[in-house]
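Colleague: Contents of final.cif (mmCIF, C-alpha atoms) are given next:
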data_final
#
loop_
_atom_site.label_atom_id
_atom_site.label_comp_id
_atom_site.auth_asym_id
_atom_site.auth_seq_id
_atom_site.Cartn_x
_atom_site.Cartn_y
_atom_site.Cartn_z
CA MET A 1147 7.63 23.77 -1.97
CA PRO A 1148 8.85 21.61 0.91
CA THR A 1149 12.50 20.70 0.53
CA GLY A 1150 13.30 19.06 3.84
CA PRO A 1151 12.10 17.82 7.21
CA GLU A 1152 12.02 21.35 8.60
CA ASP A 1153 9.28 22.28 6.14
CA PHE A 1154 6.75 20.00 7.78
CA ASP A 1155 5.03 20.25 11.14
CA HIS A 1156 5.82 16.99 12.96
CA ARG A 1157 4.33 17.97 16.31
CA TRP A 1158 1.35 15.67 15.80
CA LEU A 1159 3.70 12.74 16.33
CA ASP A 1160 4.66 14.01 19.77
CA THR A 1161 1.01 14.21 20.77
CA LEU A 1162 0.49 10.47 20.22
CA THR A 1163 0.46 9.55 23.86
CA ALA A 1164 -3.06 8.30 24.59
CA ARG A 1165 -3.30 4.76 25.88
CA TYR A 1166 -5.43 3.59 22.95
CA ARG A 1167 -4.21 5.07 19.69
CA LEU A 1168 -4.91 4.03 16.14
CA VAL A 1169 -4.00 5.29 12.67
CA TYR A 1170 -6.42 4.80 9.80
CA ASP A 1171 -4.90 4.48 6.33
CA THR A 1172 -7.91 5.99 4.58
CA GLN A 1173 -8.13 5.18 0.89
CA ALA A 1174 -11.91 5.07 0.42
CA LEU A 1175 -14.50 7.74 1.11
CA GLY A 1176 -17.73 5.83 0.59
CA GLU A 1177 -20.56 7.31 2.59
CA GLY A 1178 -18.18 8.99 4.99
CA ILE A 1179 -16.67 5.66 5.99
CA PRO A 1180 -13.44 7.11 7.46
CA LEU A 1181 -15.40 9.39 9.76
CA ALA A 1182 -17.79 6.67 10.83
CA ARG A 1183 -14.97 4.21 11.51
CA ALA A 1184 -13.07 6.77 13.57
CA SER A 1185 -16.17 7.51 15.58
CA ASN A 1186 -16.84 3.80 16.06
CA TYR A 1187 -13.32 3.28 17.38
CA ILE A 1188 -13.57 6.17 19.81
CA THR A 1189 -17.02 5.16 20.97
CA ALA A 1190 -16.16 1.48 21.37
CA CYS A 1191 -13.01 2.22 23.37
CA ARG A 1192 -14.87 4.66 25.58
CA ASP A 1193 -18.24 2.99 26.03
CA GLU A 1194 -17.48 -0.71 25.64
CA TYR A 1195 -13.90 -0.97 26.89
CA GLY A 1196 -14.22 1.64 29.61
CA ALA A 1197 -11.50 3.97 28.36
CA ALA A 1198 -11.48 7.55 29.55
CA PRO A 1199 -11.95 10.05 26.69
CA ARG A 1200 -8.41 11.33 27.13
CA ASP A 1201 -7.10 7.78 26.69
CA VAL A 1202 -8.37 7.43 23.12
CA GLN A 1203 -6.68 8.92 20.09
CA VAL A 1204 -7.28 8.34 16.39
CA VAL A 1205 -5.32 9.53 13.36
CA LEU A 1206 -6.94 9.73 9.93
CA ALA A 1207 -4.28 9.73 7.23
CA LEU A 1208 -6.04 11.06 4.16
CA HIS A 1209 -5.05 10.14 0.64
CA ALA A 1210 -6.85 8.90 -2.47
CA SER A 1211 -10.55 9.84 -2.57
CA PRO A 1212 -10.93 10.84 1.12
CA MET A 1213 -8.60 13.80 0.57
CA VAL A 1214 -11.56 16.11 -0.04
CA ILE A 1215 -12.48 15.82 3.63
CA ALA A 1216 -9.57 18.15 4.45
CA PHE A 1217 -10.83 21.28 2.68
CA ASN A 1218 -13.12 24.16 3.60
CA ASP A 1219 -16.36 25.11 1.88
CA ALA A 1220 -14.75 27.71 -0.35
CA ALA A 1221 -12.38 25.14 -1.82
CA TRP A 1222 -15.24 22.70 -2.34
CA ALA A 1223 -17.09 25.32 -4.34
CA LYS A 1224 -14.06 26.57 -6.25
CA TYR A 1225 -12.60 23.18 -7.19
CA ALA A 1226 -15.86 21.20 -7.51
CA PHE A 1227 -14.83 18.64 -4.92
CA GLY A 1228 -18.43 17.49 -4.65
CA GLU A 1229 -18.32 16.28 -8.23
CA ARG A 1230 -14.89 14.72 -7.75
CA ALA A 1231 -16.05 12.85 -4.65
CA ARG A 1232 -19.55 12.17 -5.94
CA ALA A 1233 -20.84 13.73 -2.76
CA THR A 1234 -24.41 14.93 -2.97
CA ASP A 1235 -25.67 17.75 -0.77
CA PRO A 1236 -29.01 16.65 0.71
CA ARG A 1237 -30.15 20.27 0.73
CA THR A 1238 -29.90 20.58 -3.04
CA SER A 1239 -29.71 16.98 -4.25
CA LYS A 1240 -26.81 18.16 -6.39
CA PRO A 1241 -23.04 17.68 -6.11
CA ALA A 1242 -22.02 19.41 -2.90
CA VAL A 1243 -20.40 22.83 -3.14
CA ARG A 1244 -19.63 22.79 0.58
CA ASN A 1245 -17.79 20.24 2.68
CA ILE A 1246 -20.65 18.12 3.95
CA PHE A 1247 -18.13 16.00 5.88
CA ALA A 1248 -17.24 18.99 8.03
CA SER A 1249 -20.72 20.30 8.73
CA GLU A 1250 -22.21 19.84 12.18
CA GLU A 1251 -25.45 21.55 11.30
CA PRO A 1252 -28.47 19.53 12.41
CA GLY A 1253 -29.87 17.53 9.55
CA ASP A 1254 -26.60 17.30 7.67
CA PRO A 1255 -25.61 13.71 6.92
CA TYR A 1256 -22.36 13.58 8.86
CA ALA A 1257 -23.18 16.03 11.66
CA ALA A 1258 -22.44 13.57 14.45
CA VAL A 1259 -19.11 12.45 12.98
CA ALA A 1260 -18.02 15.63 11.21
CA VAL A 1261 -14.38 16.64 11.19
CA PRO A 1262 -14.68 19.22 14.00
CA ALA A 1263 -16.71 16.81 16.13
CA LEU A 1264 -14.00 14.16 15.82
CA GLN A 1265 -11.23 16.69 16.41
CA ARG A 1266 -12.84 17.63 19.72
CA GLN A 1267 -12.51 13.95 20.64
CA GLY A 1268 -8.81 13.98 19.85
CA ALA A 1269 -8.80 12.98 16.18
CA ILE A 1270 -5.88 14.14 14.03
CA PHE A 1271 -6.31 14.61 10.28
CA LEU A 1272 -3.25 14.25 8.04
CA PHE A 1273 -2.96 15.13 4.35
CA CYS A 1274 -0.41 13.51 2.05
CA ASN A 1275 2.05 15.83 0.31
CA ASN A 1276 2.39 13.45 -2.63
CA VAL A 1277 -1.37 13.70 -3.11
CA MET A 1278 -1.17 17.48 -2.75
CA ARG A 1279 1.45 17.66 -5.49
CA ASN A 1280 -0.65 15.60 -7.89
CA LEU A 1281 -3.89 17.38 -7.02
CA ALA A 1282 -2.38 20.83 -7.48
CA SER A 1283 -0.86 19.82 -10.82
CA SER A 1284 -4.07 18.39 -12.18
CA LEU A 1285 -6.21 21.31 -11.04
CA ALA A 1286 -3.66 23.79 -12.37
CA ARG A 1287 -3.72 22.17 -15.80
CA ARG A 1288 -7.48 22.21 -15.90
CA ARG A 1289 -7.69 25.82 -14.72
CA LYS A 1290 -4.65 26.99 -16.70
CA GLU A 1291 -3.03 28.31 -13.56
CA ALA A 1292 0.39 27.84 -11.97
CA ALA A 1293 0.70 24.66 -9.92
CA ASP A 1294 2.53 26.44 -7.11
CA ALA A 1295 -0.28 28.99 -6.80
CA VAL A 1296 -2.95 26.30 -6.73
CA ARG A 1297 -0.96 24.36 -4.17
CA ALA A 1298 -0.70 27.41 -1.92
CA ASP A 1299 -4.41 28.06 -2.34
CA LEU A 1300 -5.25 24.47 -1.40
CA ILE A 1301 -3.06 24.48 1.69
CA ALA A 1302 -4.63 27.75 2.79
CA ALA A 1303 -8.01 26.06 2.39
CA PHE A 1304 -7.27 23.26 4.84
CA LEU A 1305 -9.77 22.95 7.66
CA PRO A 1306 -8.27 24.09 10.97
CA GLY A 1307 -6.01 21.45 12.43
CA VAL A 1308 -5.31 19.49 9.23
CA VAL A 1309 -1.59 18.64 8.99
CA LEU A 1310 0.39 18.27 5.75
CA VAL A 1311 2.77 15.29 5.97
CA PRO A 1312 5.57 14.25 3.58
CA ALA A 1313 3.78 11.04 2.59
CA VAL A 1314 0.92 9.15 4.16
CA VAL A 1315 2.78 5.87 3.73
CA ALA A 1316 5.59 7.22 5.91
CA ALA A 1317 3.26 8.99 8.34
CA THR A 1318 1.29 5.83 9.05
CA ALA A 1319 4.55 3.99 9.68
CA MET A 1320 5.81 6.76 11.98
CA ALA A 1321 2.52 6.68 13.88
CA GLN A 1322 3.02 2.97 14.45
CA GLU A 1323 6.52 3.67 15.72
CA ARG A 1324 4.75 5.82 18.32
CA GLY A 1325 2.56 2.92 19.35
CA CYS A 1326 -0.48 3.32 17.11
CA GLY A 1327 -2.41 0.39 15.76
CA TYR A 1328 -2.99 0.38 11.99
CA THR A 1329 -6.17 -0.16 10.03
CA LEU A 1330 -6.74 0.19 6.31
CA ILE A 1331 -9.97 1.66 4.99
CA ASN A 1332 -10.36 0.76 1.33
CA MET B 708 -15.67 -14.41 -7.41
CA PRO B 709 -13.17 -12.69 -5.13
CA GLU B 710 -10.52 -10.71 -6.92
CA HIS B 711 -7.71 -12.96 -5.75
CA SER B 712 -9.54 -16.24 -5.92
CA SER B 713 -7.27 -17.36 -8.74
CA LEU B 714 -3.61 -16.74 -9.27
CA LEU B 715 -3.79 -17.51 -12.95
CA PRO B 716 -5.25 -15.85 -16.01
CA ARG B 717 -8.53 -16.60 -17.70
CA ARG B 718 -9.20 -19.63 -19.86
CA ASP B 719 -8.73 -17.93 -23.20
CA PHE B 720 -5.14 -17.21 -22.35
CA LEU B 721 -4.57 -20.55 -20.71
CA GLY B 722 -5.59 -22.35 -23.84
CA ARG B 723 -2.84 -20.57 -25.67
CA VAL B 724 -0.37 -21.27 -22.90
CA VAL B 725 -1.04 -24.98 -23.13
CA LEU B 726 -0.59 -24.98 -26.88
CA ALA B 727 2.41 -22.72 -26.88
CA THR B 728 4.27 -24.45 -24.16
CA ALA B 729 3.49 -28.09 -24.78
CA LEU B 730 6.40 -28.34 -27.18
CA LEU B 731 8.67 -26.37 -24.91
CA ALA B 732 8.09 -28.39 -21.78
CA THR B 733 11.30 -29.54 -20.22
CA PRO B 734 11.70 -32.64 -18.09
CA ALA B 735 10.32 -32.04 -14.66
CA PRO B 736 12.96 -31.36 -12.05
CA ALA B 737 13.17 -33.64 -9.09
CA ILE B 738 10.66 -32.90 -6.39
CA ALA B 739 12.25 -30.65 -3.84
CA ALA B 740 12.40 -31.65 -0.24
CA SER B 741 9.25 -30.71 1.63
CA PHE B 742 9.29 -28.34 4.53
CA HIS B 743 8.44 -30.00 7.78
CA GLY B 744 9.39 -27.62 10.55
CA PRO B 745 10.86 -24.36 11.70
CA ASP B 746 14.41 -25.51 10.96
CA ASP B 747 13.66 -25.67 7.24
CA TRP B 748 13.15 -21.94 6.85
CA ASP B 749 15.58 -19.08 6.55
CA ASN B 750 14.54 -16.58 9.20
CA ARG B 751 17.47 -14.22 8.89
CA TRP B 752 15.22 -11.54 7.40
CA LEU B 753 13.40 -11.54 10.73
CA THR B 754 16.33 -11.76 13.11
CA GLY B 755 17.98 -8.97 11.14
CA LEU B 756 14.99 -6.69 11.40
CA THR B 757 16.63 -4.24 13.75
CA ARG B 758 16.96 -0.87 12.07
CA LYS B 759 15.33 2.16 13.67
CA HIS B 760 12.65 2.64 11.01
CA ARG B 761 11.41 -0.73 9.80
CA THR B 762 8.23 -1.25 7.82
CA PHE B 763 6.58 -4.31 6.36
CA PHE B 764 4.68 -3.89 3.08
CA ASP B 765 1.91 -6.46 2.70
CA THR B 766 1.97 -6.70 -1.09
CA LYS B 767 -0.77 -8.59 -2.89
CA SER B 768 -0.61 -7.23 -6.43
CA TRP B 769 1.64 -5.58 -8.98
CA GLY B 770 -0.59 -2.50 -8.97
CA GLY B 771 0.99 -0.94 -12.03
CA GLY B 772 4.37 -0.90 -10.31
CA GLU B 773 3.14 0.08 -6.85
CA ALA B 774 4.30 -3.29 -5.49
CA PHE B 775 7.81 -1.88 -5.37
CA GLY B 776 7.01 1.80 -6.02
CA TYR B 777 4.91 2.49 -2.93
CA PRO B 778 7.72 1.43 -0.58
CA LYS B 779 9.98 3.86 -2.48
CA ARG B 780 7.68 6.73 -1.55
CA TYR B 781 7.98 5.60 2.06
CA TYR B 782 11.75 5.48 1.76
CA ASP B 783 12.01 8.89 0.10
CA ALA B 784 9.65 10.52 2.57
CA MET B 785 11.53 9.08 5.51
CA VAL B 786 14.77 10.57 4.17
CA ASP B 787 13.48 13.84 2.73
CA GLY B 788 10.52 14.52 5.00
CA TYR B 789 11.54 13.00 8.32
CA GLY B 790 15.29 13.32 8.09
CA ALA B 791 16.00 9.61 8.56
CA LYS B 792 19.36 8.21 7.54
CA PRO B 793 19.15 5.56 4.81
CA ALA B 794 21.09 3.21 7.08
CA ASP B 795 18.27 3.51 9.63
CA ILE B 796 15.53 2.47 7.19
CA GLN B 797 14.59 -1.15 6.66
CA VAL B 798 11.91 -2.21 4.21
CA VAL B 799 10.36 -5.66 4.00
CA ILE B 800 8.26 -6.42 0.92
CA GLY B 801 6.06 -9.47 1.39
CA LEU B 802 4.82 -10.85 -1.94
CA HIS B 803 1.66 -12.93 -2.08
CA GLY B 804 -1.74 -12.75 -3.78
CA THR B 805 -1.11 -12.12 -7.45
CA ALA B 806 2.32 -10.57 -6.78
CA TRP B 807 4.06 -13.92 -6.31
CA SER B 808 5.60 -14.05 -9.77
CA LEU B 809 7.61 -10.88 -9.08
CA ALA B 810 9.90 -13.07 -7.00
CA LEU B 811 10.87 -15.34 -9.89
CA GLY B 812 13.55 -15.16 -12.57
CA ASP B 813 13.24 -14.50 -16.27
CA ALA B 814 13.25 -18.15 -17.35
CA ALA B 815 10.14 -18.88 -15.30
CA TRP B 816 8.47 -15.79 -16.69
CA ALA B 817 9.14 -16.95 -20.24
CA SER B 818 8.24 -20.58 -19.64
CA TRP B 819 4.97 -19.82 -17.89
CA GLN B 820 4.18 -16.49 -19.57
CA LEU B 821 3.85 -14.87 -16.19
CA GLY B 822 3.47 -11.41 -17.73
CA GLU B 823 0.07 -12.54 -18.91
CA VAL B 824 -0.74 -13.99 -15.51
CA ILE B 825 -0.54 -10.64 -13.72
CA ALA B 826 -1.01 -8.40 -16.76
CA ILE B 827 2.39 -6.75 -16.90
CA ASN B 828 3.69 -5.36 -20.16
CA ASP B 829 7.36 -5.12 -20.99
CA PRO B 830 7.94 -1.47 -21.96
CA ALA B 831 10.62 -2.65 -24.37
CA THR B 832 8.16 -4.69 -26.42
CA GLN B 833 4.81 -3.13 -25.46
CA ALA B 834 3.56 -6.69 -25.12
CA ARG B 835 3.01 -8.93 -22.16
CA ALA B 836 6.30 -9.39 -20.37
CA LEU B 837 8.22 -12.58 -21.01
CA ARG B 838 10.77 -11.60 -18.35
CA ASN B 839 10.56 -10.14 -14.88
CA VAL B 840 10.70 -6.43 -15.70
CA ALA B 841 10.93 -5.60 -12.00
CA ARG B 842 14.07 -7.65 -11.38
CA SER B 843 17.04 -5.60 -12.55
CA ASP B 844 18.41 -2.22 -11.56
CA ASP B 845 20.51 -1.94 -14.70
CA ALA B 846 20.43 1.48 -16.37
CA GLY B 847 17.58 1.64 -18.82
CA GLU B 848 15.47 -0.96 -17.09
CA PRO B 849 11.90 0.32 -16.66
CA TYR B 850 11.78 -0.14 -12.90
CA ALA B 851 15.48 0.19 -12.17
CA GLN B 852 15.07 2.28 -9.01
CA THR B 853 12.26 0.14 -7.66
CA SER B 854 13.46 -3.25 -8.80
CA VAL B 855 14.08 -6.27 -6.60
CA VAL B 856 17.83 -5.77 -6.94
CA ALA B 857 17.60 -2.05 -6.15
CA TRP B 858 15.63 -2.82 -3.00
CA GLN B 859 18.11 -5.47 -1.94
CA LYS B 860 20.94 -2.96 -2.35
CA ARG B 861 19.04 -0.67 0.06
CA GLY B 862 19.01 -3.46 2.60
CA ALA B 863 15.42 -4.48 2.02
CA SER B 864 14.13 -8.01 2.37
CA VAL B 865 11.87 -9.39 -0.34
CA LEU B 866 9.73 -12.31 0.82
CA LEU B 867 7.61 -14.82 -1.06
CA CYS B 868 4.72 -16.70 0.52
CA ASN B 869 5.03 -20.48 0.33
CA ASN B 870 1.27 -20.98 0.53
CA THR B 871 0.89 -18.75 -2.49
CA LEU B 872 3.64 -20.58 -4.38
CA ARG B 873 2.01 -23.93 -3.61
CA ARG B 874 -1.33 -22.68 -4.85
CA ALA B 875 0.15 -21.18 -8.00
CA SER B 876 1.93 -24.47 -8.67
CA ARG B 877 -1.33 -26.38 -8.43
CA GLU B 878 -3.08 -24.00 -10.77
CA LEU B 879 -0.27 -24.04 -13.33
CA ALA B 880 0.05 -27.82 -13.19
CA ALA B 881 -3.66 -28.24 -13.80
CA LYS B 882 -3.18 -26.67 -17.20
CA ARG B 883 -0.43 -28.98 -18.39
CA GLU B 884 -1.25 -32.63 -18.44
CA GLU B 885 2.36 -33.75 -18.17
CA ARG B 886 3.02 -31.79 -15.00
CA THR B 887 2.20 -32.32 -11.36
CA ALA B 888 1.77 -29.70 -8.68
CA ASP B 889 4.86 -30.96 -6.89
CA ASP B 890 7.18 -30.77 -9.85
CA VAL B 891 5.88 -27.34 -10.86
CA TYR B 892 6.46 -26.25 -7.29
CA ALA B 893 10.02 -27.54 -7.42
CA GLU B 894 10.61 -25.72 -10.68
CA LEU B 895 9.20 -22.45 -9.39
CA ARG B 896 11.08 -22.70 -6.13
CA ALA B 897 14.32 -23.16 -8.02
CA ALA B 898 13.45 -20.04 -10.01
CA ILE B 899 13.19 -17.76 -6.98
CA LEU B 900 15.49 -14.78 -7.43
CA PRO B 901 18.74 -14.65 -5.46
CA GLY B 902 18.25 -13.13 -2.04
CA VAL B 903 14.48 -13.52 -2.03
CA THR B 904 13.31 -15.44 1.02
CA LEU B 905 10.56 -18.04 0.96
CA VAL B 906 8.44 -17.83 4.12
CA PRO B 907 5.85 -20.32 5.39
CA ALA B 908 2.92 -17.92 5.19
CA MET B 909 2.77 -14.18 4.60
CA VAL B 910 0.07 -13.73 7.19
CA ALA B 911 2.45 -15.12 9.80
CA ALA B 912 5.49 -13.28 8.45
CA SER B 913 3.69 -9.94 8.63
CA ALA B 914 2.64 -10.63 12.20
CA LEU B 915 6.14 -11.68 13.21
CA ALA B 916 7.59 -8.55 11.63
CA GLN B 917 5.22 -6.45 13.70
CA ALA B 918 6.17 -8.44 16.77
CA LYS B 919 9.74 -7.37 16.00
CA GLY B 920 8.67 -3.74 16.01
CA ALA B 921 8.03 -3.17 12.32
CA SER B 922 5.28 -0.88 11.14
CA TYR B 923 2.78 -2.45 8.77
CA VAL B 924 1.35 -1.08 5.54
CA VAL B 925 -1.12 -2.71 3.17
CA ASN B 926 0.07 -2.31 -0.40
CA GLY B 927 -2.40 -3.30 -3.08
#
In structure tokens, write the structure found in this file.

Modeller:
Amino acid sequence: MPTGPEDFDHRWLDTLTARYRLVYDTQALGEGIPLARASNYITACRDEYGAAPRDVQVVLALHASPMVIAFNDAAWAKYAFGERARATDPRTSKPAVRNIFASEEPGDPYAAVAVPALQRQGAIFLFCNNVMRNLASSLARRRKEAADAVRADLIAAFLPGVVLVPAVVAATAMAQERGCGYTLIN
Amino acid sequence: MPEHSSLLPRRDFLGRVVLATALLATPAPAIAASFHGPDDWDNRWLTGLTRKHRTFFDTKSWGGGEAFGYPKRYYDAMVDGYGAKPADIQVVIGLHGTAWSLALGDAAWASWQLGEVIAINDPATQARALRNVARSDDAGEPYAQTSVVAWQKRGASVLLCNNTLRRASRELAAKREERTADDVYAELRAAILPGVTLVPAMVAASALAQAKGASYVVNG
């Protein structure tokens, strides 16, 4: 369990150097709203305001319902994140047992704005440690497993590049200290 | 109807308020002086916004305690997760929306049954609060560590929106025939907790805080 600043990877803060940088406080998942908004911001800066791709940077601070975006397919299947997020897989018309928000496969609903697609455009995905603590505890109770073990399993199931932060509320503030704009998605 | 279109409770409760308080009504205090310009406001919360890590919490509702609890998670994470010194952290909590009554003292809560207004129970009675349960940091108080007083001891500023207070005064006065919006406003203004700062408009205060380098977080 993290016990101090040294237990977290803060390097994402040092990468916040693009001319146009924005942090999204993402509290609602909707129909992939956080991903669509991030893509809209990047596209608008680039295509409508003439920014070079390297000059645009977006941070998605995940807590509340959007947290499921951060996990790989195995975790979606194991922990029934599709049911939790009420995310239906168009292939099966049933609750998704894979992360449809991370799939770039043609025909998938979020292919154009999927997590890897946004990461290639400079997006940074953060996950709240307070949310992790509560999620691990609740899943552990339901599965009759140890919370620490579930927590470790969940962190190992992060999509590549997802960063665990002490608290989203502090991370969004720190991002603003580094010059980011702030937008709430709720 | 928008969620925050009214700052008062529904009619069924208001009927009881009118009946219950008609006999308790005290003579209206004198109408307080109106604000006319920048010189009438205390802007020290803004000029003193200089610490390294300063964040403004735009707080529109009680949120089951999140009004003062969410900033505590910020504070704790800054210390424990980012290694900040407490002396370098500065929190501003801007109360408006339905959170306005959190800035008032116990007498106003009892007189106007403000616990019913924003649906806060007093853990001591398990009924709607007749006092501001978020005021005191005394041991045993339900929100001691996230109370107004606890925040002030950490160097935080707690702000109250004057537009919101004006609107609340109008709505409360409309339910008591013997009262006017101005005298209710004067009463409520006199009931603002020590150290809480009345600002002209929260929308402007939040913008000015950001202009002074504060981060901004929507809370509720």

Colleague: Any chance you could resolve the PyMOL selection byres ((chain A and resi 1209) around 8) against this file and give the residues as number ranges by chain?

Modeller: A: 1172-1173, 1207-1208, 1210-1213, 1273-1274, 1277, 1314

Colleague: With only C-alpha atoms as the atoms that count, which of B:Lys919, B:Asp844, B:Asp747, B:Ala898 lies nearest to chain A?

Modeller: B:Lys919

Colleague: Could you check how far CA of Ala1174 (chain A) sits from CA of Val1204 (chain A), in Å to one decimal?

Modeller: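 So the two atoms, CA of Ala1174 (chain A) and CA of Val1204 (chain A), lie 16.9 Å apart.
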
Colleague: Could you pull the residues within 12 Å of Ser1249 (chain A), counting only C-alpha atoms, minus those fewer than 2 positions along the same chain, as a count of residues only?

Modeller: 25

Colleague: Could you tell me which of A:Ser1185, A:Asn1276, A:Gln1203, A:Ser1239 comes closest to chain B if we count all atoms listed in the file?

Modeller: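 For chain B, the nearest of the given residues is A:Asn1276.
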
Colleague: Within 10 Å of Leu900 (chain B), counting only C-alpha atoms, which residues show up once you throw out same-chain ones fewer than 6 positions away? Write them as a PyMOL selection string, please.

Modeller: chain B and resi 809-813+842+855-856+865

Colleague: Give as a ChimeraX atom specification the residues that the PyMOL selection byres ((chain B) within 12 of (chain A)) matches when applied to the coordinates above.

Modeller: /B:758-765,776-791,796-798,917,919-927

Colleague: Here is a test: counting all atoms listed in the file, which residue of B:Gly770, B:Val903, B:Glu823, B:Asp746 is nearest to Ala863 (chain B)?

Modeller: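 Checking each of B:Gly770, B:Val903, B:Glu823, B:Asp746 against Ala863 (chain B), counting all atoms listed in the file, the winner is B:Val903.
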
Colleague: Could you tell me how far CA of Thr887 (chain B) lies from CA of Ala826 (chain B), in Å and to one decimal?

Modeller: 24.7 Å

Colleague: Report as a list in words the full result of the PyMOL selection byres ((chain A and resi 1293) around 12) when it is applied to this structure.

Modeller: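 Those residues are Met1147, Met1278, Arg1279, Asn1280, Leu1281, Ala1282, Ser1283, Ser1284, Leu1285, Ala1286, Arg1287, Arg1288, Arg1289, Lys1290, Glu1291, Ala1292, Asp1294, Ala1295, Val1296, Arg1297, Ala1298, Asp1299 and Leu1300 of chain A.
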
Colleague: Residues within 12 Å of region 1192-1196 of chain A, please, as an MDAnalysis selection string. Count only C-alpha atoms; anything in the same chain fewer than 5 positions from it doesn't count.

Modeller: chainID A and resid 1165:1166 1185:1187 1201:1203 1267

Colleague: Go ahead and write the selection's residues with C-alpha atoms as a PDB file, in the coordinates of the input.

Modeller:
ATOM      1  CA  ARG A1165      -3.300   4.760  25.880  1.00  0.00           C
ATOM      2  CA  TYR A1166      -5.430   3.590  22.950  1.00  0.00           C
ATOM      3  CA  SER A1185     -16.170   7.510  15.580  1.00  0.00           C
ATOM      4  CA  ASN A1186     -16.840   3.800  16.060  1.00  0.00           C
ATOM      5  CA  TYR A1187     -13.320   3.280  17.380  1.00  0.00           C
ATOM      6  CA  ASP A1201      -7.100   7.780  26.690  1.00  0.00           C
ATOM      7  CA  VAL A1202      -8.370   7.430  23.120  1.00  0.00           C
ATOM      8  CA  GLN A1203      -6.680   8.920  20.090  1.00  0.00           C
ATOM      9  CA  GLN A1267     -12.510  13.950  20.640  1.00  0.00           C
TER      10      GLN A1267
END

Colleague: Using Å and a single decimal, report how far CA of Val1205 (chain A) sits from CA of Phe775 (chain B).

Modeller: 25.6 Å

Colleague: Counting only C-alpha atoms, which of A:Glu1177, A:Leu1310, A:Arg1237, A:Ala1303 gets nearest to Ala1223 (chain A)?

Modeller: A:Ala1303

Colleague: Given 8 Å of margin on each side, can you work out the centre and size in Å (one decimal) of an axis-aligned box holding every listed atom of region 1217-1223 of chain A, as JSON?

Modeller:
{"center_x": -14.0, "center_y": 24.5, "center_z": -0.4, "size_x": 22.3, "size_y": 22.4, "size_z": 23.9}

Colleague: For Ala888 (chain B), list every protein, DNA or RNA residue within 8 Å, evaluated using all atoms listed in the file, and leave out those in the same chain fewer than 4 positions away; present the list as a list in words.

Modeller: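 So, after excluding close chain neighbours, the residues are Arg873, Ser876, Arg877, Glu878, Leu879, Ala880, Ala881 and Tyr892 of chain B.
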
Colleague: Could you dump the residues just selected with C-alpha atoms as a PDB file, in the coordinates of the input?

Modeller:
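File produced: out_1.pdb:
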ATOM      1  CA  ARG B 873       2.010 -23.930  -3.610  1.00  0.00           C
ATOM      2  CA  SER B 876       1.930 -24.470  -8.670  1.00  0.00           C
ATOM      3  CA  ARG B 877      -1.330 -26.380  -8.430  1.00  0.00           C
ATOM      4  CA  GLU B 878      -3.080 -24.000 -10.770  1.00  0.00           C
ATOM      5  CA  LEU B 879      -0.270 -24.040 -13.330  1.00  0.00           C
ATOM      6  CA  ALA B 880       0.050 -27.820 -13.190  1.00  0.00           C
ATOM      7  CA  ALA B 881      -3.660 -28.240 -13.800  1.00  0.00           C
ATOM      8  CA  TYR B 892       6.460 -26.250  -7.290  1.00  0.00           C
TER       9      TYR B 892
END

Colleague: Since fewer atoms than expected are present, regenerate N, CA and C atoms for region 1223-1232 of chain A and write them as a PDB file, in the frame of the given file.

Modeller:
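This is the output file result-v2.pdb:
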ATOM      1  N   ALA A1223     -16.358  24.609  -3.281  1.00  0.00           N
ATOM      2  CA  ALA A1223     -17.090  25.320  -4.340  1.00  0.00           C
ATOM      3  C   ALA A1223     -16.159  25.634  -5.512  1.00  0.00           C
ATOM      4  N   LYS A1224     -14.991  26.122  -5.201  1.00  0.00           N
ATOM      5  CA  LYS A1224     -14.060  26.570  -6.250  1.00  0.00           C
ATOM      6  C   LYS A1224     -13.559  25.412  -7.108  1.00  0.00           C
ATOM      7  N   TYR A1225     -13.239  24.298  -6.468  1.00  0.00           N
ATOM      8  CA  TYR A1225     -12.600  23.180  -7.190  1.00  0.00           C
ATOM      9  C   TYR A1225     -13.560  22.008  -7.450  1.00  0.00           C
ATOM     10  N   ALA A1226     -14.836  22.225  -7.205  1.00  0.00           N
ATOM     11  CA  ALA A1226     -15.860  21.200  -7.510  1.00  0.00           C
ATOM     12  C   ALA A1226     -15.531  19.856  -6.876  1.00  0.00           C
ATOM     13  N   PHE A1227     -15.163  19.891  -5.603  1.00  0.00           N
ATOM     14  CA  PHE A1227     -14.830  18.640  -4.920  1.00  0.00           C
ATOM     15  C   PHE A1227     -16.049  17.732  -4.756  1.00  0.00           C
ATOM     16  N   GLY A1228     -17.230  18.320  -4.747  1.00  0.00           N
ATOM     17  CA  GLY A1228     -18.430  17.490  -4.650  1.00  0.00           C
ATOM     18  C   GLY A1228     -18.582  16.577  -5.854  1.00  0.00           C
ATOM     19  N   GLU A1229     -18.266  17.117  -7.027  1.00  0.00           N
ATOM     20  CA  GLU A1229     -18.320  16.280  -8.230  1.00  0.00           C
ATOM     21  C   GLU A1229     -17.225  15.228  -8.193  1.00  0.00           C
ATOM     22  N   ARG A1230     -16.030  15.651  -7.805  1.00  0.00           N
ATOM     23  CA  ARG A1230     -14.890  14.720  -7.750  1.00  0.00           C
ATOM     24  C   ARG A1230     -15.177  13.558  -6.811  1.00  0.00           C
ATOM     25  N   ALA A1231     -15.799  13.876  -5.673  1.00  0.00           N
ATOM     26  CA  ALA A1231     -16.050  12.850  -4.650  1.00  0.00           C
ATOM     27  C   ALA A1231     -17.416  12.205  -4.793  1.00  0.00           C
ATOM     28  N   ARG A1232     -18.178  12.660  -5.772  1.00  0.00           N
ATOM     29  CA  ARG A1232     -19.550  12.170  -5.940  1.00  0.00           C
ATOM     30  C   ARG A1232     -20.316  12.288  -4.632  1.00  0.00           C
TER      31      ARG A1232
END
